[in-house]
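Participant: Just one file: protein.cif, with mmCIF, C-alpha atoms.
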data_work
loop_
_atom_site.label_atom_id
_atom_site.label_comp_id
_atom_site.auth_asym_id
_atom_site.auth_seq_id
_atom_site.Cartn_x
_atom_site.Cartn_y
_atom_site.Cartn_z
CA MET Y 6 0.00 0.00 0.00
CA THR Y 7 1.05 3.54 -0.78
CA SER Y 8 2.07 6.25 1.66
CA ALA Y 9 -0.83 8.48 2.59
CA ASN Y 10 1.24 11.68 2.98
CA PRO Y 11 -1.40 14.39 2.31
CA SER Y 12 0.54 16.66 -0.07
CA THR Y 13 1.97 13.83 -2.16
CA LEU Y 14 -1.41 12.14 -2.14
CA ALA Y 15 -3.17 15.34 -3.26
CA LYS Y 16 -1.11 15.37 -6.45
CA ARG Y 17 -1.83 11.74 -7.14
CA LEU Y 18 -5.57 12.40 -6.83
CA ARG Y 19 -5.60 15.25 -9.35
CA LEU Y 20 -7.47 13.42 -12.11
CA TYR Y 21 -9.37 10.44 -10.77
CA VAL Y 22 -11.28 8.15 -13.15
CA ILE Y 23 -13.85 5.63 -11.89
CA THR Y 24 -14.81 2.59 -13.96
CA ASP Y 25 -18.43 1.85 -14.82
CA ARG Y 26 -19.31 -1.13 -16.99
CA ARG Y 27 -22.78 0.17 -17.81
CA MET Y 28 -21.33 3.31 -19.40
CA ALA Y 29 -18.50 1.64 -21.27
CA GLY Y 30 -20.67 0.23 -24.07
CA GLN Y 31 -18.85 -2.43 -26.08
CA ARG Y 32 -15.47 -1.47 -24.64
CA SER Y 33 -13.83 -3.42 -21.82
CA ASP Y 34 -12.89 -1.81 -18.51
CA GLU Y 35 -9.28 -2.58 -19.35
CA GLU Y 36 -9.53 -0.69 -22.63
CA ILE Y 37 -11.10 2.35 -20.94
CA VAL Y 38 -8.50 2.38 -18.16
CA ARG Y 39 -5.64 2.06 -20.61
CA ALA Y 40 -6.99 5.06 -22.54
CA ALA Y 41 -7.49 7.07 -19.35
CA LEU Y 42 -3.91 6.40 -18.22
CA GLU Y 43 -2.58 7.38 -21.64
CA GLY Y 44 -4.67 10.53 -21.44
CA GLY Y 45 -3.19 11.53 -18.08
CA ALA Y 46 -5.40 10.07 -15.33
CA THR Y 47 -3.47 10.03 -12.05
CA CYS Y 48 -5.75 7.62 -10.20
CA ILE Y 49 -8.09 4.80 -11.24
CA GLN Y 50 -10.89 3.37 -9.12
CA LEU Y 51 -12.36 -0.05 -9.87
CA ARG Y 52 -16.08 0.14 -9.16
CA ALA Y 53 -17.76 -3.11 -10.19
CA LYS Y 54 -20.45 -4.03 -7.70
CA GLU Y 55 -22.17 -6.17 -10.34
CA LEU Y 56 -19.19 -8.52 -10.70
CA SER Y 57 -18.56 -11.58 -8.54
CA THR Y 58 -15.63 -11.51 -6.12
CA ARG Y 59 -13.63 -13.77 -8.42
CA GLN Y 60 -14.27 -11.50 -11.41
CA GLN Y 61 -13.36 -8.40 -9.38
CA VAL Y 62 -10.08 -10.02 -8.34
CA ALA Y 63 -9.22 -10.97 -11.93
CA LEU Y 64 -10.06 -7.52 -13.29
CA GLY Y 65 -8.47 -5.81 -10.30
CA ARG Y 66 -5.13 -7.52 -10.93
CA LEU Y 67 -5.17 -6.40 -14.53
CA LEU Y 68 -5.96 -2.79 -13.67
CA ARG Y 69 -3.51 -2.76 -10.75
CA ASP Y 70 -0.73 -3.86 -13.13
CA LEU Y 71 -1.68 -1.20 -15.68
CA CYS Y 72 -1.82 1.59 -13.06
CA HIS Y 73 1.44 0.61 -11.42
CA ARG Y 74 3.21 0.37 -14.78
CA TRP Y 75 2.22 4.05 -15.18
CA GLY Y 76 3.06 4.89 -11.56
CA ARG Y 77 -0.57 5.82 -10.89
CA LEU Y 78 -2.78 5.11 -7.90
CA PHE Y 79 -5.14 2.15 -8.01
CA ILE Y 80 -8.13 2.18 -5.67
CA VAL Y 81 -10.92 -0.42 -5.22
CA ASN Y 82 -14.47 0.66 -4.43
CA ASP Y 83 -15.97 -0.81 -1.25
CA ARG Y 84 -14.25 -4.22 -1.26
CA LEU Y 85 -11.32 -4.47 1.16
CA ASP Y 86 -10.99 -8.17 0.35
CA VAL Y 87 -10.50 -7.43 -3.34
CA ALA Y 88 -8.12 -4.55 -2.54
CA LEU Y 89 -6.00 -6.80 -0.32
CA ALA Y 90 -6.06 -9.69 -2.80
CA VAL Y 91 -4.83 -7.55 -5.71
CA GLN Y 92 -2.52 -5.33 -3.64
CA ALA Y 93 -4.31 -2.14 -4.57
CA ASP Y 94 -3.14 1.15 -3.08
CA GLY Y 95 -6.36 1.46 -1.16
CA VAL Y 96 -10.13 1.56 -1.08
CA HIS Y 97 -12.91 4.07 -1.48
CA LEU Y 98 -15.75 3.74 1.02
CA GLY Y 99 -19.26 5.10 0.62
CA ALA Y 100 -21.97 5.37 3.26
CA ASP Y 101 -23.07 1.73 2.76
CA ASP Y 102 -19.55 0.31 2.72
CA MET Y 103 -17.15 -0.78 5.46
CA PRO Y 104 -16.87 1.84 8.24
CA VAL Y 105 -13.66 3.88 7.80
CA ALA Y 106 -12.30 3.10 11.27
CA ILE Y 107 -12.53 -0.67 10.70
CA ALA Y 108 -10.96 -0.31 7.25
CA ARG Y 109 -8.06 1.65 8.73
CA GLN Y 110 -7.52 -1.06 11.34
CA MET Y 111 -7.59 -3.79 8.71
CA LEU Y 112 -5.40 -2.08 6.09
CA GLY Y 113 -2.85 -0.36 8.32
CA PRO Y 114 -1.51 3.21 8.39
CA ASP Y 115 -0.10 3.34 4.84
CA ALA Y 116 -3.19 2.41 2.85
CA VAL Y 117 -5.05 5.10 0.97
CA ILE Y 118 -8.60 5.16 2.32
CA GLY Y 119 -11.11 7.46 0.66
CA ALA Y 120 -14.48 8.25 2.16
CA SER Y 121 -17.54 9.88 0.62
CA ALA Y 122 -18.82 13.04 2.32
CA GLU Y 123 -21.68 15.38 1.50
CA ASP Y 124 -21.29 17.88 4.31
CA VAL Y 125 -18.83 19.23 6.87
CA ALA Y 126 -19.96 16.92 9.66
CA GLN Y 127 -19.47 13.78 7.55
CA ALA Y 128 -16.14 15.11 6.29
CA ARG Y 129 -14.78 15.77 9.78
CA ARG Y 130 -15.98 12.40 11.05
CA ALA Y 131 -14.31 10.57 8.15
CA GLU Y 132 -11.07 12.43 8.75
CA GLN Y 133 -11.16 11.56 12.45
CA GLU Y 134 -11.84 7.90 11.66
CA GLY Y 135 -8.73 7.74 9.52
CA ALA Y 136 -9.69 8.64 5.95
CA SER Y 137 -6.75 9.67 3.71
CA TYR Y 138 -8.91 11.72 1.36
CA LEU Y 139 -12.55 12.63 0.80
CA GLY Y 140 -14.75 12.16 -2.22
CA VAL Y 141 -17.12 15.12 -2.05
CA GLY Y 142 -20.25 15.60 -4.12
CA PRO Y 143 -22.24 15.54 -6.19
CA VAL Y 144 -20.98 19.05 -6.88
CA PHE Y 145 -23.10 19.46 -10.02
CA PRO Y 146 -26.16 17.55 -11.31
CA THR Y 147 -25.24 14.13 -12.70
CA ALA Y 148 -27.11 11.25 -14.30
CA THR Y 149 -24.42 8.64 -13.54
CA LYS Y 150 -25.45 7.84 -10.00
CA PRO Y 151 -29.25 8.01 -9.77
CA ASP Y 152 -29.03 7.35 -6.00
CA ALA Y 153 -26.86 10.41 -5.39
CA GLY Y 154 -28.32 13.28 -3.37
CA PRO Y 155 -29.02 16.80 -4.72
CA PRO Y 156 -25.96 18.75 -5.94
CA ILE Y 157 -24.05 20.43 -3.12
CA GLY Y 158 -22.59 23.22 -5.29
CA LEU Y 159 -19.23 24.97 -5.18
CA ASP Y 160 -19.83 26.86 -1.92
CA ARG Y 161 -20.43 23.68 0.08
CA LEU Y 162 -17.43 22.07 -1.61
CA ALA Y 163 -15.28 25.01 -0.49
CA GLU Y 164 -16.70 24.85 3.03
CA ILE Y 165 -15.81 21.15 3.30
CA ALA Y 166 -12.32 21.63 1.84
CA ARG Y 167 -11.65 24.33 4.46
CA ALA Y 168 -12.92 22.11 7.28
CA VAL Y 169 -10.46 19.23 6.86
CA ASN Y 170 -6.71 18.72 6.49
CA ILE Y 171 -6.90 15.83 4.02
CA PRO Y 172 -7.25 16.19 0.23
CA VAL Y 173 -10.72 16.61 -1.22
CA VAL Y 174 -11.63 15.08 -4.58
CA ALA Y 175 -14.74 16.63 -6.10
CA ILE Y 176 -17.21 14.40 -7.93
CA GLY Y 177 -20.49 14.78 -9.79
CA GLY Y 178 -21.08 16.45 -13.14
CA ILE Y 179 -17.50 17.62 -13.53
CA ASN Y 180 -16.21 18.37 -17.03
CA ARG Y 181 -13.38 20.35 -18.63
CA ASP Y 182 -15.40 23.57 -18.46
CA ASN Y 183 -16.21 23.54 -14.75
CA ALA Y 184 -13.08 21.69 -13.51
CA PRO Y 185 -11.05 24.91 -12.96
CA GLN Y 186 -13.79 26.35 -10.68
CA VAL Y 187 -13.80 23.11 -8.70
CA LEU Y 188 -10.07 23.38 -8.02
CA LYS Y 189 -10.46 27.07 -7.20
CA ALA Y 190 -13.04 26.07 -4.58
CA GLY Y 191 -10.35 24.05 -2.80
CA ALA Y 192 -10.52 20.57 -4.29
CA SER Y 193 -7.19 18.83 -4.84
CA GLY Y 194 -8.58 16.83 -7.71
CA VAL Y 195 -11.59 15.92 -9.77
CA ALA Y 196 -13.21 12.51 -10.12
CA VAL Y 197 -15.15 11.58 -13.23
CA ILE Y 198 -17.08 8.62 -14.51
CA SER Y 199 -19.16 9.42 -17.59
CA ALA Y 200 -16.90 12.26 -18.82
CA VAL Y 201 -14.29 9.60 -19.60
CA VAL Y 202 -16.00 6.20 -19.55
CA ALA Y 203 -18.91 7.22 -21.79
CA ALA Y 204 -16.80 9.43 -24.09
CA PRO Y 205 -16.46 8.34 -27.73
CA ASP Y 206 -12.68 8.82 -27.30
CA PRO Y 207 -11.80 8.24 -23.61
CA ARG Y 208 -8.12 9.07 -24.18
CA ALA Y 209 -8.88 12.46 -25.76
CA ALA Y 210 -11.53 13.18 -23.11
CA THR Y 211 -8.99 12.49 -20.36
CA GLN Y 212 -6.38 14.69 -22.06
CA GLN Y 213 -8.84 17.59 -22.17
CA LEU Y 214 -9.63 17.11 -18.49
CA ALA Y 215 -5.92 16.86 -17.69
CA ARG Y 216 -5.33 20.25 -19.29
CA ALA Y 217 -8.33 21.68 -17.44
CA VAL Y 218 -6.81 20.64 -14.08
CA GLY Y 219 -3.36 21.94 -14.99
CA LEU Y 220 -1.61 18.64 -15.71
CA MET H 28 -9.76 -17.39 13.86
CA THR H 29 -10.33 -20.98 14.97
CA SER H 30 -7.92 -23.91 14.67
CA ALA H 31 -8.54 -25.94 11.54
CA ASN H 32 -7.58 -29.35 13.04
CA PRO H 33 -9.60 -31.75 10.83
CA SER H 34 -11.07 -34.04 13.52
CA THR H 35 -12.05 -31.23 15.89
CA LEU H 36 -13.36 -29.27 12.94
CA ALA H 37 -15.42 -32.24 11.70
CA LYS H 38 -17.38 -32.26 14.96
CA ARG H 39 -17.97 -28.54 14.80
CA LEU H 40 -19.40 -28.89 11.29
CA ARG H 41 -21.92 -31.59 12.23
CA LEU H 42 -25.04 -29.45 11.88
CA TYR H 43 -24.42 -26.40 9.74
CA VAL H 44 -27.17 -23.82 9.22
CA ILE H 45 -26.94 -21.15 6.49
CA THR H 46 -28.95 -17.93 6.71
CA ASP H 47 -31.23 -16.84 3.89
CA ARG H 48 -33.29 -13.67 4.23
CA ARG H 49 -35.65 -14.61 1.42
CA MET H 50 -36.71 -17.79 3.24
CA ALA H 51 -37.01 -16.26 6.69
CA GLY H 52 -40.32 -14.50 6.05
CA GLN H 53 -41.11 -11.92 8.72
CA ARG H 54 -38.42 -13.26 11.06
CA SER H 55 -35.02 -11.62 11.39
CA ASP H 56 -31.80 -13.50 10.68
CA GLU H 57 -30.90 -12.98 14.32
CA GLU H 58 -34.12 -14.68 15.45
CA ILE H 59 -33.54 -17.64 13.13
CA VAL H 60 -29.93 -18.05 14.23
CA ARG H 61 -30.86 -17.84 17.90
CA ALA H 62 -33.43 -20.60 17.38
CA ALA H 63 -30.95 -22.73 15.40
CA LEU H 64 -28.34 -22.45 18.15
CA GLU H 65 -30.90 -23.34 20.81
CA GLY H 66 -31.91 -26.32 18.67
CA GLY H 67 -28.35 -27.62 18.47
CA ALA H 68 -26.73 -26.13 15.33
CA THR H 69 -22.94 -26.45 15.61
CA CYS H 70 -22.08 -23.94 12.88
CA ILE H 71 -23.77 -20.88 11.39
CA GLN H 72 -22.98 -19.31 8.04
CA LEU H 73 -23.99 -15.74 7.25
CA ARG H 74 -24.98 -15.65 3.59
CA ALA H 75 -26.35 -12.23 2.72
CA LYS H 76 -25.22 -11.20 -0.75
CA GLU H 77 -28.14 -8.78 -1.00
CA LEU H 78 -26.95 -6.68 1.96
CA SER H 79 -24.48 -3.82 1.73
CA THR H 80 -21.04 -4.28 3.27
CA ARG H 81 -22.03 -2.09 6.19
CA GLN H 82 -25.18 -4.13 6.82
CA GLN H 83 -23.25 -7.39 6.58
CA VAL H 84 -20.73 -6.13 9.14
CA ALA H 85 -23.47 -5.06 11.55
CA LEU H 86 -25.38 -8.35 11.21
CA GLY H 87 -22.15 -10.36 11.23
CA ARG H 88 -21.12 -8.91 14.59
CA LEU H 89 -24.46 -9.81 16.08
CA LEU H 90 -24.36 -13.39 14.79
CA ARG H 91 -20.68 -13.81 15.69
CA ASP H 92 -21.49 -12.82 19.27
CA LEU H 93 -24.41 -15.24 19.41
CA CYS H 94 -22.38 -18.13 17.99
CA HIS H 95 -19.40 -17.55 20.24
CA ARG H 96 -21.61 -17.28 23.31
CA TRP H 97 -22.73 -20.82 22.42
CA GLY H 98 -19.19 -21.93 21.50
CA ARG H 99 -20.28 -22.58 17.92
CA LEU H 100 -18.50 -21.84 14.65
CA PHE H 101 -19.35 -18.69 12.75
CA ILE H 102 -18.56 -18.58 9.02
CA VAL H 103 -19.15 -15.78 6.48
CA ASN H 104 -20.10 -16.59 2.90
CA ASP H 105 -17.78 -15.16 0.23
CA ARG H 106 -16.74 -11.93 1.96
CA LEU H 107 -13.27 -12.08 3.52
CA ASP H 108 -13.52 -8.39 4.37
CA VAL H 109 -16.67 -8.96 6.41
CA ALA H 110 -15.17 -12.08 8.03
CA LEU H 111 -12.06 -10.14 9.08
CA ALA H 112 -14.05 -7.14 10.26
CA VAL H 113 -16.31 -9.20 12.54
CA GLN H 114 -13.63 -11.72 13.57
CA ALA H 115 -15.53 -14.68 12.20
CA ASP H 116 -13.98 -18.15 12.43
CA GLY H 117 -13.70 -18.26 8.67
CA VAL H 118 -15.28 -18.04 5.25
CA HIS H 119 -17.08 -20.26 2.80
CA LEU H 120 -16.05 -19.83 -0.83
CA GLY H 121 -18.07 -20.85 -3.88
CA ALA H 122 -16.92 -21.03 -7.48
CA ASP H 123 -17.52 -17.29 -8.05
CA ASP H 124 -15.89 -16.19 -4.81
CA MET H 125 -12.29 -15.46 -3.81
CA PRO H 126 -9.92 -18.24 -4.93
CA VAL H 127 -9.10 -20.54 -1.97
CA ALA H 128 -5.31 -20.08 -2.25
CA ILE H 129 -5.60 -16.28 -1.99
CA ALA H 130 -8.02 -16.58 0.91
CA ARG H 131 -5.61 -18.88 2.77
CA GLN H 132 -2.79 -16.38 2.24
CA MET H 133 -4.94 -13.51 3.48
CA LEU H 134 -6.48 -15.25 6.50
CA GLY H 135 -3.52 -17.32 7.69
CA PRO H 136 -3.18 -20.99 8.68
CA ASP H 137 -5.75 -21.03 11.51
CA ALA H 138 -8.81 -19.72 9.67
CA VAL H 139 -11.55 -22.13 8.69
CA ILE H 140 -11.90 -21.95 4.92
CA GLY H 141 -14.69 -23.91 3.28
CA ALA H 142 -14.89 -24.49 -0.45
CA SER H 143 -17.75 -25.75 -2.58
CA ALA H 144 -17.06 -28.88 -4.66
CA GLU H 145 -19.26 -30.92 -6.98
CA ASP H 146 -16.79 -33.60 -8.00
CA VAL H 147 -13.55 -35.31 -7.00
CA ALA H 148 -11.33 -33.06 -9.13
CA GLN H 149 -12.74 -29.85 -7.59
CA ALA H 150 -12.52 -31.40 -4.13
CA ARG H 151 -8.86 -32.37 -4.49
CA ARG H 152 -7.97 -28.98 -5.94
CA ALA H 153 -9.66 -27.15 -3.07
CA GLU H 154 -7.86 -29.34 -0.54
CA GLN H 155 -4.50 -28.66 -2.21
CA GLU H 156 -5.19 -24.92 -2.28
CA GLY H 157 -5.74 -24.90 1.47
CA ALA H 158 -9.43 -25.51 2.15
CA SER H 159 -10.24 -26.68 5.71
CA TYR H 160 -13.47 -28.40 4.71
CA LEU H 161 -15.65 -28.94 1.65
CA GLY H 162 -19.28 -28.11 1.05
CA VAL H 163 -20.43 -30.86 -1.31
CA GLY H 164 -23.67 -30.92 -3.22
CA PRO H 165 -26.39 -30.57 -4.08
CA VAL H 166 -26.79 -34.15 -2.81
CA PHE H 167 -30.56 -34.19 -3.35
CA PRO H 168 -32.88 -31.95 -5.42
CA THR H 169 -33.41 -28.55 -3.81
CA ALA H 170 -35.40 -25.44 -4.62
CA THR H 171 -33.32 -23.13 -2.41
CA LYS H 172 -30.51 -22.42 -4.87
CA PRO H 173 -32.00 -22.25 -8.37
CA ASP H 174 -28.48 -21.85 -9.81
CA ALA H 175 -27.23 -25.10 -8.30
CA GLY H 176 -26.33 -27.96 -10.66
CA PRO H 177 -28.16 -31.31 -10.86
CA PRO H 178 -28.09 -33.46 -7.70
CA ILE H 179 -24.87 -35.47 -7.32
CA GLY H 180 -26.43 -38.25 -5.20
CA LEU H 181 -25.03 -40.30 -2.32
CA ASP H 182 -22.55 -42.29 -4.41
CA ARG H 183 -20.73 -39.21 -5.66
CA LEU H 184 -20.79 -37.77 -2.16
CA ALA H 185 -19.10 -40.95 -0.89
CA GLU H 186 -16.56 -40.85 -3.70
CA ILE H 187 -15.60 -37.26 -2.82
CA ALA H 188 -15.43 -37.97 0.92
CA ARG H 189 -13.03 -40.86 0.23
CA ALA H 190 -10.86 -38.70 -2.06
CA VAL H 191 -9.90 -36.02 0.49
CA ASN H 192 -8.55 -35.82 4.04
CA ILE H 193 -10.59 -32.80 5.12
CA PRO H 194 -14.16 -32.91 6.46
CA VAL H 195 -17.00 -32.93 3.98
CA VAL H 196 -20.27 -31.15 4.73
CA ALA H 197 -23.13 -32.34 2.54
CA ILE H 198 -25.65 -29.80 1.26
CA GLY H 199 -28.79 -29.78 -0.87
CA GLY H 200 -32.20 -31.20 -0.01
CA ILE H 201 -31.08 -32.65 3.31
CA ASN H 202 -33.71 -33.33 5.97
CA ARG H 203 -34.08 -35.43 9.10
CA ASP H 204 -35.12 -38.48 7.04
CA ASN H 205 -32.13 -38.59 4.68
CA ALA H 206 -29.49 -37.09 7.03
CA PRO H 207 -28.40 -40.50 8.43
CA GLN H 208 -27.70 -41.82 4.89
CA VAL H 209 -25.63 -38.73 4.18
CA LEU H 210 -23.42 -39.35 7.21
CA LYS H 211 -23.18 -43.04 6.29
CA ALA H 212 -21.88 -41.95 2.87
CA GLY H 213 -18.94 -40.29 4.60
CA ALA H 214 -20.02 -36.73 5.30
CA SER H 215 -18.90 -35.25 8.62
CA GLY H 216 -21.90 -32.99 8.75
CA VAL H 217 -24.99 -31.70 7.02
CA ALA H 218 -25.71 -28.16 5.90
CA VAL H 219 -29.24 -26.89 5.60
CA ILE H 220 -30.96 -23.69 4.59
CA SER H 221 -34.69 -24.14 4.05
CA ALA H 222 -35.07 -27.10 6.47
CA VAL H 223 -34.39 -24.63 9.29
CA VAL H 224 -34.79 -21.10 7.91
CA ALA H 225 -38.15 -21.75 6.25
CA ALA H 226 -39.49 -23.99 9.04
CA PRO H 227 -42.50 -22.74 11.01
CA ASP H 228 -40.50 -23.57 14.18
CA PRO H 229 -36.77 -23.28 13.36
CA ARG H 230 -35.75 -24.40 16.87
CA ALA H 231 -37.79 -27.61 16.71
CA ALA H 232 -36.64 -28.24 13.12
CA THR H 233 -33.01 -27.93 14.22
CA GLN H 234 -33.60 -30.25 17.20
CA GLN H 235 -35.03 -32.92 14.89
CA LEU H 236 -32.03 -32.58 12.57
CA ALA H 237 -29.67 -32.70 15.56
CA ARG H 238 -31.15 -36.03 16.62
CA ALA H 239 -30.93 -37.31 13.04
CA VAL H 240 -27.17 -36.59 12.95
CA GLY H 241 -26.60 -38.14 16.38
CA LEU H 242 -26.15 -34.97 18.43
#
If you convert what's in this file into structure tokens, what do you get?
Facilitator:
Amino acid sequence: MTSANPSTLAKRLRLYVITDRRMAGQRSDEEIVRAALEGGATCIQLRAKELSTRQQVALGRLLRDLCHRWGRLFIVNDRLDVALAVQADGVHLGADDMPVAIARQMLGPDAVIGASAEDVAQARRAEQEGASYLGVGPVFPTATKPDAGPPIGLDRLAEIARAVNIPVVAIGGINRDNAPQVLKAGASGVAVISAVVAAPDPRAATQQLARAVGL
Amino acid sequence: MTSANPSTLAKRLRLYVITDRRMAGQRSDEEIVRAALEGGATCIQLRAKELSTRQQVALGRLLRDLCHRWGRLFIVNDRLDVALAVQADGVHLGADDMPVAIARQMLGPDAVIGASAEDVAQARRAEQEGASYLGVGPVFPTATKPDAGPPIGLDRLAEIARAVNIPVVAIGGINRDNAPQVLKAGASGVAVISAVVAAPDPRAATQQLARAVGL
């Protein structure tokens, strides 16, 4: 597992791409991730709740190898068992996933543990429980996660970023046009799903985002 | 985690009850498990693929406490992360779950690791990869797992039990009438879902099974 030093970590979270089979069309997750890495993604998250454990482990190994060949972070959504089995850099935990404090105990001090937060209270609690970074959003309206709450907007994002000492990655409706405002509000990075995974050319889409976040 | 000594383990696997929310009707998993333990179950498996990780951890803690208060084994289906988080005695792994060899590496030598096997080749492979016991079946026709293969019958069960040195737990359509034949065929224990979980009186149903397997 990778060192969770906040300033180094912040840089590695700058352009964070999350997989989503349903949005990838005919293309494999591997193909999308390869294109995203070529385009400048600094972090990849495997999010594949619909796959069996065995399938997640097989895919996770593939993506872990790709990410590490590029020197990029590889994070697994929810599943600590998959993350441990494939030697990922860490996990991202939502409200229905493993509690952050238990994950920190299980993975040790060096693992990267991300936690979702929608407000200052959740953000502070996650930081106290041992989160390495926060995924904050949805900042803007998004159709990718129909279960997501209403957009929190840039002001709330800024409020949360000021309230914690760990990096904040903004998520939800982020594209190359609004990405600069998101960073200006205090986010260390932007996370995207559809902007890359559903793009006709995921590599070009990632490159445009990379420029928008100053990479 | 519990010692995986085969002969001690065999006894602890004698009457193995697996949870199933869909068959429990209005009753909670906790209520069913409490009744099964009172009725003489020696091992409980939490199988709750439909629950979120957080829900599995919360329920797993409850059931782990109940089982350990009774000195009975507590096993988690598929999820090594949940098993580790709740300090279960081990996991049970099906064909779509974590590979046995990886699970053994992650959980260490003392964890109880069960693996599903339908034939001698699968059984031997699981034993070589580090399984502590085998779940073998379906022995008889069953409506509980619609994705299960055709029944393997008592002869195949006996063949598998002879082929390995670890305990075999028979599963699939087992009831108090056929349980004695199953043990005679070489199984160390019987695993049931509907015979207990769907019973009008799960405690009485478990007691009848306990008598049928000589407890």
Participant: Residue by residue, what does the PyMOL selection byres ((chain Y) within 10 of (chain H)) grab here? Present the result as a PDB file with C-alpha atoms, in the frame of the given file.
Facilitator:
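Output file selection-v3.pdb follows:
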ATOM      1  CA  LEU Y  56     -19.190  -8.520 -10.700  1.00  0.00           C
ATOM      2  CA  SER Y  57     -18.560 -11.580  -8.540  1.00  0.00           C
ATOM      3  CA  THR Y  58     -15.630 -11.510  -6.120  1.00  0.00           C
ATOM      4  CA  ARG Y  59     -13.630 -13.770  -8.420  1.00  0.00           C
ATOM      5  CA  GLN Y  60     -14.270 -11.500 -11.410  1.00  0.00           C
ATOM      6  CA  GLN Y  61     -13.360  -8.400  -9.380  1.00  0.00           C
ATOM      7  CA  VAL Y  62     -10.080 -10.020  -8.340  1.00  0.00           C
ATOM      8  CA  ALA Y  63      -9.220 -10.970 -11.930  1.00  0.00           C
ATOM      9  CA  ASP Y  83     -15.970  -0.810  -1.250  1.00  0.00           C
ATOM     10  CA  ARG Y  84     -14.250  -4.220  -1.260  1.00  0.00           C
ATOM     11  CA  LEU Y  85     -11.320  -4.470   1.160  1.00  0.00           C
ATOM     12  CA  ASP Y  86     -10.990  -8.170   0.350  1.00  0.00           C
ATOM     13  CA  VAL Y  87     -10.500  -7.430  -3.340  1.00  0.00           C
ATOM     14  CA  ALA Y  88      -8.120  -4.550  -2.540  1.00  0.00           C
ATOM     15  CA  LEU Y  89      -6.000  -6.800  -0.320  1.00  0.00           C
ATOM     16  CA  ALA Y  90      -6.060  -9.690  -2.800  1.00  0.00           C
ATOM     17  CA  VAL Y  91      -4.830  -7.550  -5.710  1.00  0.00           C
ATOM     18  CA  LEU Y  98     -15.750   3.740   1.020  1.00  0.00           C
ATOM     19  CA  GLY Y  99     -19.260   5.100   0.620  1.00  0.00           C
ATOM     20  CA  ALA Y 100     -21.970   5.370   3.260  1.00  0.00           C
ATOM     21  CA  ASP Y 101     -23.070   1.730   2.760  1.00  0.00           C
ATOM     22  CA  ASP Y 102     -19.550   0.310   2.720  1.00  0.00           C
ATOM     23  CA  MET Y 103     -17.150  -0.780   5.460  1.00  0.00           C
ATOM     24  CA  PRO Y 104     -16.870   1.840   8.240  1.00  0.00           C
ATOM     25  CA  ILE Y 107     -12.530  -0.670  10.700  1.00  0.00           C
ATOM     26  CA  ALA Y 108     -10.960  -0.310   7.250  1.00  0.00           C
ATOM     27  CA  GLN Y 110      -7.520  -1.060  11.340  1.00  0.00           C
ATOM     28  CA  MET Y 111      -7.590  -3.790   8.710  1.00  0.00           C
TER      29      MET Y 111
END
Participant: Any idea what the distance is between CA of Leu93 (chain H) and CA of Arg61 (chain H)?
Facilitator: 7.1 Å
Participant: Go through H:Ala144, H:Asp228, H:Pro177, H:Arg238 one by one, measure the shortest atom-to-atom distance of each to Ala63 (chain H) using all atoms listed in the file, and give the residue with the smallest value.
Facilitator: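 Ranked by minimum distance to Ala63 (chain H), first place goes to H:Asp228.
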Participant: As a check of understanding, name the residues that the PyMOL selection byres ((chain Y and resi 147) around 6) selects in the supplied structure, as a PyMOL selection string.
Facilitator: chain Y and resi 146+148-149+177-178
Participant: Give as a PyMOL selection string the residues that the PyMOL selection byres ((chain Y and resi 190-197) around 8) matches when applied to the coordinates above.
Facilitator: chain Y and resi 15-16+18-23+159-160+162-163+166-167+172-180+184+186-189+198-201+218
Participant: Skipping near chain neighbours, those fewer than 5 positions away, what residues fall within 7 Å of Leu78 (chain Y) using all atoms listed in the file, listed as a list of chain:residue names?
Facilitator: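 Listing them by chain and then by number gives Y:Arg17, Y:Thr47, Y:Cys48, Y:Ile49, Y:Cys72, Y:Asp94.
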Participant: CA of Val202 (chain Y) to CA of Trp75 (chain Y): how many Å, to one decimal?
Facilitator: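 So the answer is 18.9 Å.
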Participant: Can you measure CA of Thr13 (chain Y) to CA of Val141 (chain Y) for me? One decimal in Å is fine.
Facilitator: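 Separation between CA of Thr13 (chain Y) and CA of Val141 (chain Y): 19.1 Å.
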Participant: At a cut-off of 8 Å, using only C-alpha atoms, what residues contact Gly180 (chain H)? Leave out same-chain residues fewer than 2 positions from it and give the result as a list in words.
Facilitator: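 My reading of the contact set: Pro165, Val166, Phe167, Pro178, Asp182, Arg183 and Leu184 of chain H.
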Participant: Here is a test: counting all atoms listed in the file, which residue of Y:Glu35, Y:Asp124, Y:Glu55, Y:Glu164 is nearest to Arg69 (chain Y)?
Facilitator: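 Among the listed residues, Y:Glu35 lies closest to Arg69 (chain Y).
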Participant: Taking 5 positions as the minimum chain separation for residues in the same chain, which residues sit within 7 Å of region 131-138 of chain Y when counting all atoms listed in the file? Answer as a PyMOL selection string.
Facilitator: chain Y and resi 9+105-106+109+117-120+171-173
Participant: Using only C-alpha atoms, pick whichever of H:Ile102, H:Ala68, H:Leu161, H:Ala62 has the shortest atom-to-atom distance to Leu236 (chain H).
Facilitator: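 Of the candidates, the smallest distance to Leu236 (chain H) is held by H:Ala68.
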